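To start, the structure itself, in structure tokens.
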Protein chains: 2
Amino acid sequence: MPKSTFFNLPETKRRRIIDAALEEFSSKNYDQVSVSSVADAAGIAKGSIYQYFDDKLDLYRYLLDCAIGEKLAYFSDGVTLGGEDLFEDLEVLTAAGARFARDRPRYHELAARFAESPVRERILPDLKDQSAAFLRHMVDRAHDLGRIRGDVSPKLALYFLNTLLSEFGTYLLREYAADWNRVGSEDACDPVMREVGELMRLIRFGLAPTGEVPEDD
Amino acid sequence: MPKSTFFNLPETKRRRIIDAALEEFSSKNYDQVSVSSVADAAGIAKGSIYQYFDDKLDLYRYLLDCAIGEKLAYFSDGVTLGGEDLFEDLEVLTAAGARFARDRPRYHELAARFAESPVRERILPDLKDQSAAFLRHMVDRAHDLGRIRGDVSPKLALYFLNTLLSEFGTYLLREYAADWNRVGSEDACDPVMREVGELMRLIRFGLAPTGEVPEDD
DNA sequence: CATTATTATGACCGCTCGGTCACTCCAGGT
DNA sequence: ACCTGGAGTGACCGAGCGGTCATAATAATG
């Protein structure tokens, strides 16, 4: 946790430090980021960083907490989960993740980098497992309710969903990185929301033209 | 490129070095691997590494070349690509990737780690783009031939396939890491090949129970 | 203004890393 | 037995890192 000194800082300076650290940690891996570079980018001395944080990991963890807080805000809007329809729930999840990536791209990149990084084990050893466990629960229930094809193993279905959902934000940022209109955050005309809908149809019905049907095997 | 000294080495010693380096570079990121640790694992002095390779990157690149060579061998078996049926080609690709991951897990891990690593830009700036460009070509053609639903954008279809295929090997290793029977490399009873078939059905027909059909939008 | 408490600083420390090099070792030719 | 040249070695170097600390600057207090 940051030291009290950090929270006593004038708002503008605190923001400058957060932004500088966020810029660094969202564009490079934890080990590639040096405390000096963050200090330089924030326009302060390296020693000052240690007035605000216990160590490099403390700074990083604080940034992550901010990111998680922001992200949760997007997900807690859609409190409607656990419904009867798996695909409706999936769409709510995907849309929340997509809006987060669109509105808070640096935080998204930070979180994505973190998920793949070796430091993860030093902070949240099982973050991935948590989100995967949540998805697994949804998949198993849908399987029992017969809302997904009976002949797909839940394990593979979980892989299918987990992979597609967790990479989707990065895909959106890559494709729409340039200038997209940040208006209409839930508007169906929003290109991002159109992509979410398209992805959902791919997940439900696949790539094959409508009418083709799986033969038994 | 390794120095001639390396190729003059007795077979067993060369293998010991390759295996040691492979073990290190497949389990840690490039920057986390130290030349000393490789030397220790191989039972030689650090200075000796520099008798065989120009520098650390040279050693790493050599390993990658080995991995790519091995992998290509698996893919060149299925020379039948470019056929009429996208899904047949996809299955050939996926099966080759799956067999590679199953038979050469260390090489697979090395390649997977490389694809996400910052060193990639120092060696093959556009490796991902190559494989993506290949897939894009297949997707575009299938789109023109009407072999995939007309209402999915090729860009998203490319994301869909690229993500699912490139993570699939890692999924297999995670799920079957323990003891699987390495016999029957193409046998349909092989659990790995069963998974390939299942994944292909997911890609074609999605998760929804057969009979459900996408409404227009 | 003087005194005290708090914050800011960059020189410095210990460590690890990639890479070098003077030296040793050893096989084979004469 | 001697020489020679390639192969093997580990002490060593400079650079960069995370982290510390004596000191300086600033703010707060009376």
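Letters for chains follow the order of the structure tokens (A, B, ...), residue numbers begin at 1 for each chain, and ligand numbers begin at 1 in the order shown.
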
DA8 of chain C surroundings by only C-alpha atoms (C1' of nucleotides), 8 Å radius, close-in-sequence under 5 positions cut, as number ranges by chain: A: 45, 47-48; D: 25

Rows by chain and residue number, chain A within 12 Å of chain C, shortest pair, only C-alpha atoms (C1' of nucleotides), as a tab-separated table:
residue	atom	partner	partner_atom	distance
A:Ser4	CA	C:DT6	C1'	11.8
A:Thr5	CA	C:DT7	C1'	8.4
A:Phe6	CA	C:DT7	C1'	10.6
A:Asn8	CA	C:DT7	C1'	10.6
A:Leu9	CA	C:DT7	C1'	10.0
A:Ser36	CA	C:DG10	C1'	11.4
A:Ala39	CA	C:DT9	C1'	11.8
A:Gly43	CA	C:DA8	C1'	11.8
A:Ile44	CA	C:DA8	C1'	8.4
A:Ala45	CA	C:DT9	C1'	6.2
A:Lys46	CA	C:DG10	C1'	8.1
A:Gly47	CA	C:DT9	C1'	6.7
A:Ser48	CA	C:DA8	C1'	6.3
A:Ile49	CA	C:DA8	C1'	10.1
A:Tyr50	CA	C:DA8	C1'	10.8
A:Gln51	CA	C:DT7	C1'	8.1
A:Tyr52	CA	C:DT7	C1'	10.3

I'd like a table as CSV: residues in chain A with an atom no more than 8 Å from chain D, each row giving the shortest atom pair and its distance in Å to one decimal, only C-alpha atoms (C1' of nucleotides) counted, sorted by chain and rising residue number.
residue,atom,partner,partner_atom,distance
A:Ser34,CA,D:DC17,C1',7.5
A:Val35,CA,D:DG18,C1',7.7
A:Asp55,CA,D:DG19,C1',7.8
A:Lys56,CA,D:DG18,C1',7.8

Contact set, chain B to chain A: 9 Å, only C-alpha atoms, as an MDAnalysis selection string: chainID B and resid 28:29 31:32 87 116 118 146:153 155:157 159:160 163:164 167:168 171 175 195 198:199 201:214

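Taking atom CA of Asp65 of chain B and atom CA of Met138 of chain B as the two end points, the separation is 25.9 Å.
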
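The coordinates place atom CA of Pro10 of chain B at 13.8 Å from atom CA of Ala42 of chain B.
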